[in-house]
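Engineer: One structure follows; several queries about it will come next.
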Amino acid sequence: MKRVITGNQAVAYGVILSRVDVVSAYPITPQTTIVEELSELIASGRLKTRFLKVESEHSAMAALIGASTGGVRCFTATSSHGLAYMHEMLHWASGARLPIVMVNVNRAIGPPWNIWSDQSDSLSQRDTGWIQLYCENNQEVLDTILQAYLIAEKVKLPVMVVLDAFVLSHTSEPVEVPSMEEVDSFLPPFCPDYPIDTQEPRAYSVITMPEHFMEFRYKIQKAMEEVPDVSKKVDDEFRSRFGRGYGAIERYGKEEAEVLLMTSGTVTSTSRTVIRKLNEDGLSVAGLKIKRFRPFPSEEIYGAIKGAKKLAVIDRNLSAGVGGIFAQELRASLYPREERPQVFGFVSGLGGRDITPELIEEAIQYTVEHPQPEGDILWLGLKK
Amino acid sequence: MRKTEIPSIEILGHGHLACAGCGAAVAMRLTLKALGEKTVMVFPASCWSIVPGFWPYSSYRITAVHAGFVTGAATASGVRAALDVRGDDETLVAVWAGDGGTFDIGLQALSGAAERNENLLYICNDNEGYMNTGTQRSSATPLLAWTTTTPVMQPKENPKKDIMAIMADHQIPYAATATIAYPEDLIRKLQKAKGIRGTRFIHLFSPCPPGWKMASEMSIKISRLAVRSRIFPLYEIENGRNYTIQEESRIVPVKEYLKLQGRFNHLTEKDIETTQRNVDDTWGRLLRKARC
């Protein structure tokens, strides 16, 4: 059924349709309407999920670690400072190999206080062993949650589904909401290998000596290496059932372009219109949407950029001292390759400043006109 | 009163790594006897992250969920929720946390769980300091005691935090103090707690021979002196209101308790008087609550 819903409502539908057993969450703008929506549904008896209204994000994730160890399907949502506060527990969830799914609504981290869209929160968590999937629109948000459980439970790693503050979280769009029956046949119940069972007592997360610790980490890396294949199969299956799929990346625009523009989140939507117009004007440019950030889709990207001379990246995030994080990852993944297009790393839209079509066009024109960038960071829309 | 039997079952296995004379090892053995095998125990960081032994071995014959330092009560809330969803309301979910994981870093999560009246049994194994990391002060360290972060030139300046009062003010159904010197009392309280729904709190007094600089054969004697000197009175609080004090007729001065422990060696006569006054004040406060 088609509904006009916000990104946060799409999240709530994703949770309902995934038959989540335990939700544990703490409110933070702009995530709040997710937990409000879920509270309403549970209070009215329409949703049979157990909701732990904990006293902090740290406890929200800790409670899910307990619940997931207990063998049930879990969900939480947070944003910004809440995600940063959870940091220790993010490592714990992946280290314990628990397939928890979390939504993070991208928001800047203060100070100065700011509640608007910025990817620095989720990207600060890139080394925590979580799969990270970024969404462009509300339909993709709902669909990605359904896919996330299947991927997480298959590879035994947690998944973070990321959407932009306000631009998606509080903006309504038409979304096709699948029926419970359709989702049930796509997403089977969670069957963990080692749920808590007092008949067969086990010790979880026991202290491990240097002699064995490294092998636990090696197995996490191996699981991450399975993700491209597993998520492709999940996406193909999803596409065959629902007629929609996303891939780890998506290339759009002119087929043989010399300049490629790489974006993530809602900036991609705006870029699509800019690139369409520039293509009509005869400019040789194409777009590259990055959906999956962890594991970084190096192979997929390399396959999609053949022939391109220059790659422009727009990062709505900043790793101070280095620059944009997507650009940094891209440079690292290209370094060992034969063909290495110039990477133009633009940083823009921090703290929710609009990344307008004009700014995107400016980035593309700069890339076309310059043989190489004038620095590792190219500030886009900065007031000087 | 019916005589309390100590169950013969042994759930704490051989080969654990607790120090010689560890009060908590005795307490754990008794606790598991009282709680039985249908128990999931959550262990936030403490000596008990080490005591069971290293992967792939464990000396616990119950389900043990090791957890982050801050998270004892939160992780246990999640385990409880999962078992409830699975229709298992028989299995007991317990937490075994140190005083650091309870009085200090874990207090927020504990307060949250207690306010929600989560159906779990929280046991604070209080050895009055960060003993696993080499005896640093916690807010459970007693007034004037030596630790590595409160050297004898500047021993602990503040009295011990009153965790029982904090828990009582959450109006949880049951809170009790217990020690290994009174094993029947300990077992009775654990079995009573096991039969109650909601958040239950056991404050367990736990002598630490290396941390307290005491002889390893003294744990039970010191526990008994702690009760008799009213350093650690035995009592229960039901629903945050109804107090029952297990009176001890043979009262001894705190000096008798202090002199067996090297952590109090530096105390002057005046310091001992200050400690006695502090203990008398705390006892008076408890009596006032119990009588109203």
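Ordering of the structure tokens sets the chain letters (A, B, ...), residue numbers begin anew at 1 in every chain, and ligands are numbered from 1 in the order given.
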Within 9 Å of chain A, which residues belong to chain B? Use only C-alpha atoms and report them as a PDB file with C-alpha atoms, in the first residue's frame.
Structural biologist:
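Writing the result to selection_38.pdb gives the following:
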ATOM      1  CA  GLU B  37      21.172 -23.731  37.898  1.00  0.00           C
ATOM      2  CA  LYS B  38      18.245 -21.971  36.222  1.00  0.00           C
ATOM      3  CA  THR B  39      20.087 -18.685  36.512  1.00  0.00           C
ATOM      4  CA  VAL B  40      21.613 -16.343  33.967  1.00  0.00           C
ATOM      5  CA  VAL B  42      25.466 -10.960  34.067  1.00  0.00           C
ATOM      6  CA  SER B  49      35.649 -11.027  34.617  1.00  0.00           C
ATOM      7  CA  ILE B  50      38.887 -12.886  35.423  1.00  0.00           C
ATOM      8  CA  PRO B  52      36.194 -17.950  36.025  1.00  0.00           C
ATOM      9  CA  GLY B  53      39.343 -18.414  33.915  1.00  0.00           C
ATOM     10  CA  PHE B  54      40.290 -17.645  30.323  1.00  0.00           C
ATOM     11  CA  TRP B  55      38.582 -18.706  27.089  1.00  0.00           C
ATOM     12  CA  PRO B  56      37.766 -21.481  26.227  1.00  0.00           C
ATOM     13  CA  TYR B  57      37.266 -22.443  29.889  1.00  0.00           C
ATOM     14  CA  SER B  58      34.879 -21.225  32.549  1.00  0.00           C
ATOM     15  CA  TYR B  60      30.810 -21.173  36.225  1.00  0.00           C
ATOM     16  CA  ARG B  61      28.279 -23.956  35.685  1.00  0.00           C
ATOM     17  CA  ILE B  62      25.575 -21.426  34.923  1.00  0.00           C
ATOM     18  CA  THR B  63      24.985 -19.182  31.919  1.00  0.00           C
ATOM     19  CA  ALA B  64      27.400 -16.260  32.309  1.00  0.00           C
ATOM     20  CA  VAL B  65      27.018 -13.106  30.242  1.00  0.00           C
ATOM     21  CA  HIS B  66      30.097 -10.908  30.549  1.00  0.00           C
ATOM     22  CA  ALA B  67      29.286  -7.262  29.965  1.00  0.00           C
ATOM     23  CA  GLY B  68      30.752  -3.756  29.800  1.00  0.00           C
ATOM     24  CA  VAL B  70      28.791   0.423  32.996  1.00  0.00           C
ATOM     25  CA  THR B  71      26.154  -2.003  31.878  1.00  0.00           C
ATOM     26  CA  GLY B  72      25.310  -4.654  34.494  1.00  0.00           C
ATOM     27  CA  ALA B  73      21.706  -3.622  35.064  1.00  0.00           C
ATOM     28  CA  ALA B  74      21.106  -2.592  31.442  1.00  0.00           C
ATOM     29  CA  THR B  75      22.459  -5.818  29.947  1.00  0.00           C
ATOM     30  CA  ALA B  76      20.442  -7.831  32.454  1.00  0.00           C
ATOM     31  CA  SER B  77      17.297  -5.846  31.513  1.00  0.00           C
ATOM     32  CA  GLY B  78      17.852  -6.943  27.919  1.00  0.00           C
ATOM     33  CA  VAL B  79      18.426 -10.590  28.849  1.00  0.00           C
ATOM     34  CA  ARG B  80      15.229 -10.503  30.921  1.00  0.00           C
ATOM     35  CA  ALA B  81      13.296  -8.986  28.007  1.00  0.00           C
ATOM     36  CA  ALA B  82      14.546 -11.701  25.639  1.00  0.00           C
ATOM     37  CA  LEU B  83      13.603 -14.513  28.025  1.00  0.00           C
ATOM     38  CA  ASP B  84      10.166 -12.935  28.554  1.00  0.00           C
ATOM     39  CA  VAL B  85       9.627 -12.733  24.786  1.00  0.00           C
ATOM     40  CA  ARG B  86      10.603 -16.396  24.563  1.00  0.00           C
ATOM     41  CA  THR B  91      14.838 -18.486  34.651  1.00  0.00           C
ATOM     42  CA  GLN B 108      23.105   5.293  36.262  1.00  0.00           C
ATOM     43  CA  ALA B 109      22.206   1.993  34.584  1.00  0.00           C
ATOM     44  CA  SER B 111      19.093   3.483  38.839  1.00  0.00           C
ATOM     45  CA  GLY B 112      17.383   3.228  35.439  1.00  0.00           C
ATOM     46  CA  ALA B 113      16.653  -0.472  35.888  1.00  0.00           C
ATOM     47  CA  ARG B 116      11.666   0.661  35.768  1.00  0.00           C
TER      48      ARG B 116
END
Engineer: When DSSP works through the backbone of this structure, what residues of segment 188-286 of chain A end up as strand (DSSP E or B), shown as a PyMOL selection string?
Structural biologist: chain A and resi 203-204+249-253+259-263+285-286
Engineer: Can I get the selection written as a PDB file, in the first residue's frame, with C-alpha atoms?
Structural biologist:
ATOM      1  CA  ALA A 203      29.815 -18.213  29.109  1.00  0.00           C
ATOM      2  CA  TYR A 204      29.528 -15.304  26.663  1.00  0.00           C
ATOM      3  CA  ILE A 249      26.643   1.707  -5.235  1.00  0.00           C
ATOM      4  CA  GLU A 250      24.688   3.090  -8.151  1.00  0.00           C
ATOM      5  CA  ARG A 251      26.049   4.841 -11.206  1.00  0.00           C
ATOM      6  CA  TYR A 252      23.760   7.216 -13.086  1.00  0.00           C
ATOM      7  CA  GLY A 253      24.080   9.876 -15.794  1.00  0.00           C
ATOM      8  CA  VAL A 259      34.138  13.289 -14.516  1.00  0.00           C
ATOM      9  CA  LEU A 260      32.250  11.369 -11.834  1.00  0.00           C
ATOM     10  CA  LEU A 261      30.523  12.874  -8.818  1.00  0.00           C
ATOM     11  CA  MET A 262      30.405  10.664  -5.737  1.00  0.00           C
ATOM     12  CA  THR A 263      27.768  11.379  -3.076  1.00  0.00           C
ATOM     13  CA  VAL A 285      29.684  13.868 -16.207  1.00  0.00           C
ATOM     14  CA  ALA A 286      28.037  11.008 -14.315  1.00  0.00           C
TER      15      ALA A 286
END
Engineer: Could you pull the residues within 12 Å of Pro112 of chain A, counting only C-alpha atoms, minus those fewer than 4 positions along the same chain, as an MDAnalysis selection string?
Structural biologist: chainID A and resid 108 116 351
Engineer: Quick one: pull the distance between atom CA of Leu258 of chain B and atom CA of Glu217 of chain B, Å, one decimal.
Structural biologist: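 Distance between the two atoms: 15.9 Å.
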Engineer: What is the distance between atom CA of Val159 of chain A and atom CA of Ala94 of chain B, in Å to one decimal?
Structural biologist: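 About the pair atom CA of Val159 of chain A and atom CA of Ala94 of chain B: they are 28.9 Å apart.
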Engineer: Which residues are close to segment 95-102 of chain A, i.e. within 7 Å by only C-alpha atoms, leaving aside same-chain residues fewer than 4 positions away? Reply as an MDAnalysis selection string.
Structural biologist: chainID A and resid 68 74:77 91 148:149 152:153 156:161 205
Engineer: Please report the interatomic distance between atom CA of Trp146 of chain B and atom CA of Ile105 of chain B in Å with one decimal.
Structural biologist: 20.9 Å
Engineer: Can you list, as a list in words, every protein, DNA or RNA residue that comes within 10 Å of Val313 of chain A when you count only C-alpha atoms, leaving out same-chain residues fewer than 2 positions away?
Structural biologist: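 My list of contacting residues is Leu260, Leu261, Met262, Thr263, Ser264, Gly287, Leu288, Lys310, Leu311, Asp315, Arg316, Gly324, Ile325, Phe326, Ala327, Gln328, Leu330, Val343, Phe344, Gly345, Phe346, Val347, Ala363, Ile364, Thr367 and Leu378 of chain A.
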Engineer: Would you save the residues of that selection, restricted to N, CA and C atoms, as an mmCIF file, in the first residue's frame?
Structural biologist:
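The new file out-v9.cif reads:
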data_model
loop_
_atom_site.group_PDB
_atom_site.id
_atom_site.type_symbol
_atom_site.label_atom_id
_atom_site.label_comp_id
_atom_site.auth_asym_id
_atom_site.auth_seq_id
_atom_site.Cartn_x
_atom_site.Cartn_y
_atom_site.Cartn_z
ATOM 1 N N LEU A 260 33.288 12.038 -12.630
ATOM 2 C CA LEU A 260 32.250 11.369 -11.834
ATOM 3 C C LEU A 260 32.060 12.117 -10.527
ATOM 4 N N LEU A 261 30.819 12.220 -10.099
ATOM 5 C CA LEU A 261 30.523 12.874 -8.818
ATOM 6 C C LEU A 261 30.028 11.831 -7.823
ATOM 7 N N MET A 262 30.764 11.686 -6.737
ATOM 8 C CA MET A 262 30.405 10.664 -5.737
ATOM 9 C C MET A 262 29.724 11.323 -4.546
ATOM 10 N N THR A 263 28.536 10.800 -4.194
ATOM 11 C CA THR A 263 27.768 11.379 -3.076
ATOM 12 C C THR A 263 27.118 10.247 -2.279
ATOM 13 N N SER A 264 26.581 10.616 -1.108
ATOM 14 C CA SER A 264 25.817 9.650 -0.309
ATOM 15 C C SER A 264 24.645 10.380 0.316
ATOM 16 N N GLY A 287 27.091 10.373 -12.190
ATOM 17 C CA GLY A 287 27.017 10.351 -10.723
ATOM 18 C C GLY A 287 27.277 8.959 -10.174
ATOM 19 N N LEU A 288 27.768 8.926 -8.951
ATOM 20 C CA LEU A 288 28.021 7.654 -8.277
ATOM 21 C C LEU A 288 27.468 7.767 -6.863
ATOM 22 N N LYS A 310 38.551 11.972 -13.513
ATOM 23 C CA LYS A 310 38.480 12.719 -12.254
ATOM 24 C C LYS A 310 37.261 12.277 -11.439
ATOM 25 N N LEU A 311 37.463 12.189 -10.146
ATOM 26 C CA LEU A 311 36.361 11.848 -9.232
ATOM 27 C C LEU A 311 36.158 12.991 -8.255
ATOM 28 N N ASP A 315 31.575 15.443 0.593
ATOM 29 C CA ASP A 315 31.480 14.895 1.943
ATOM 30 C C ASP A 315 30.732 15.859 2.844
ATOM 31 N N ARG A 316 29.633 15.368 3.442
ATOM 32 C CA ARG A 316 28.940 16.183 4.451
ATOM 33 C C ARG A 316 29.451 15.725 5.822
ATOM 34 N N GLY A 324 37.369 15.198 4.146
ATOM 35 C CA GLY A 324 36.145 14.412 4.046
ATOM 36 C C GLY A 324 36.458 12.926 4.132
ATOM 37 N N ILE A 325 35.574 12.189 4.817
ATOM 38 C CA ILE A 325 35.887 10.787 5.118
ATOM 39 C C ILE A 325 35.633 9.872 3.916
ATOM 40 N N PHE A 326 34.579 10.151 3.146
ATOM 41 C CA PHE A 326 34.357 9.334 1.941
ATOM 42 C C PHE A 326 35.537 9.503 0.982
ATOM 43 N N ALA A 327 36.035 10.739 0.835
ATOM 44 C CA ALA A 327 37.167 10.991 -0.063
ATOM 45 C C ALA A 327 38.407 10.251 0.429
ATOM 46 N N GLN A 328 38.601 10.282 1.732
ATOM 47 C CA GLN A 328 39.772 9.614 2.313
ATOM 48 C C GLN A 328 39.730 8.112 2.045
ATOM 49 N N LEU A 330 38.059 6.636 -0.302
ATOM 50 C CA LEU A 330 38.166 6.412 -1.744
ATOM 51 C C LEU A 330 39.631 6.453 -2.180
ATOM 52 N N VAL A 343 41.298 12.550 -7.307
ATOM 53 C CA VAL A 343 40.172 12.685 -6.385
ATOM 54 C C VAL A 343 40.078 14.137 -5.913
ATOM 55 N N PHE A 344 38.919 14.730 -6.160
ATOM 56 C CA PHE A 344 38.641 16.100 -5.721
ATOM 57 C C PHE A 344 37.734 16.010 -4.491
ATOM 58 N N GLY A 345 38.294 16.283 -3.314
ATOM 59 C CA GLY A 345 37.532 16.088 -2.068
ATOM 60 C C GLY A 345 36.853 17.363 -1.587
ATOM 61 N N PHE A 346 35.572 17.490 -1.879
ATOM 62 C CA PHE A 346 34.809 18.671 -1.432
ATOM 63 C C PHE A 346 34.175 18.400 -0.069
ATOM 64 N N VAL A 347 34.257 19.389 0.806
ATOM 65 C CA VAL A 347 33.549 19.304 2.090
ATOM 66 C C VAL A 347 32.475 20.377 2.074
ATOM 67 N N ALA A 363 30.888 22.443 -7.798
ATOM 68 C CA ALA A 363 31.880 21.379 -7.556
ATOM 69 C C ALA A 363 32.236 20.678 -8.860
ATOM 70 N N ILE A 364 31.201 20.404 -9.673
ATOM 71 C CA ILE A 364 31.453 19.707 -10.942
ATOM 72 C C ILE A 364 32.266 20.603 -11.881
ATOM 73 N N THR A 367 35.843 20.768 -10.923
ATOM 74 C CA THR A 367 36.544 19.521 -11.263
ATOM 75 C C THR A 367 36.853 19.458 -12.757
ATOM 76 N N LEU A 378 38.567 20.730 -0.497
ATOM 77 C CA LEU A 378 38.013 21.841 -1.268
ATOM 78 C C LEU A 378 36.706 22.232 -0.578
#
Engineer: Which residues are close to Phe166 of chain A, i.e. within 12 Å by only C-alpha atoms, leaving aside same-chain residues fewer than 3 positions away? Reply as an MDAnalysis selection string.
Structural biologist: chainID A and resid 6:8 29:33 79 105:107 115:118 137:138 163 169:172 266 351:354
Engineer: Only C-alpha atoms, please: the residues just picked out, written as a PDB file, in the first residue's frame.
Structural biologist:
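Output contents, as saved in part_8.pdb:
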ATOM      1  CA  THR A   6       8.254  10.748   6.880  1.00  0.00           C
ATOM      2  CA  GLY A   7      11.618   8.992   7.019  1.00  0.00           C
ATOM      3  CA  ASN A   8      11.116   8.313  10.698  1.00  0.00           C
ATOM      4  CA  THR A  29      16.351  14.986  18.181  1.00  0.00           C
ATOM      5  CA  PRO A  30      15.808  14.189  15.284  1.00  0.00           C
ATOM      6  CA  GLN A  31      15.279  10.494  16.120  1.00  0.00           C
ATOM      7  CA  THR A  32      12.431  11.125  18.592  1.00  0.00           C
ATOM      8  CA  THR A  33       9.469  10.599  16.307  1.00  0.00           C
ATOM      9  CA  SER A  79      21.525  10.226  16.482  1.00  0.00           C
ATOM     10  CA  VAL A 105      19.598   9.826  11.900  1.00  0.00           C
ATOM     11  CA  ASN A 106      22.665  11.793  10.778  1.00  0.00           C
ATOM     12  CA  ARG A 107      23.105  14.922  12.880  1.00  0.00           C
ATOM     13  CA  ILE A 115      20.652  19.428  15.396  1.00  0.00           C
ATOM     14  CA  TRP A 116      20.858  19.359  11.595  1.00  0.00           C
ATOM     15  CA  SER A 117      22.189  16.907   9.074  1.00  0.00           C
ATOM     16  CA  ASP A 118      25.889  15.990   9.096  1.00  0.00           C
ATOM     17  CA  ASN A 137      14.903   8.537   0.292  1.00  0.00           C
ATOM     18  CA  ASN A 138      12.173   7.253   2.601  1.00  0.00           C
ATOM     19  CA  LEU A 163      19.338   8.666   7.040  1.00  0.00           C
ATOM     20  CA  SER A 169      13.541  12.094   9.018  1.00  0.00           C
ATOM     21  CA  HIS A 170      10.846  14.801   9.067  1.00  0.00           C
ATOM     22  CA  THR A 171       9.942  15.083   5.376  1.00  0.00           C
ATOM     23  CA  SER A 172       7.009  13.184   3.898  1.00  0.00           C
ATOM     24  CA  THR A 266      20.078  12.858   0.149  1.00  0.00           C
ATOM     25  CA  GLY A 351      25.656  21.159  10.383  1.00  0.00           C
ATOM     26  CA  GLY A 352      22.752  21.009   7.946  1.00  0.00           C
ATOM     27  CA  ARG A 353      23.698  23.849   5.591  1.00  0.00           C
ATOM     28  CA  ASP A 354      21.877  23.141   2.326  1.00  0.00           C
TER      29      ASP A 354
END
Engineer: Find the residue from B:Asp169, B:Arg291, B:Leu190, B:Ser46 that sits nearest to Asp126 of chain B; use only C-alpha atoms when measuring.
Structural biologist: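 Between B:Asp169, B:Arg291, B:Leu190, B:Ser46, the residue approaching Asp126 of chain B most closely is B:Ser46.
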Engineer: To test your reading of the structure, identify every residue in segment 161-254 of chain B that backbone DSSP assigns to helix (DSSP H, G or I), and report it as number ranges by chain.
Structural biologist: B: 163-168, 183-194, 209-212, 216-228, 254
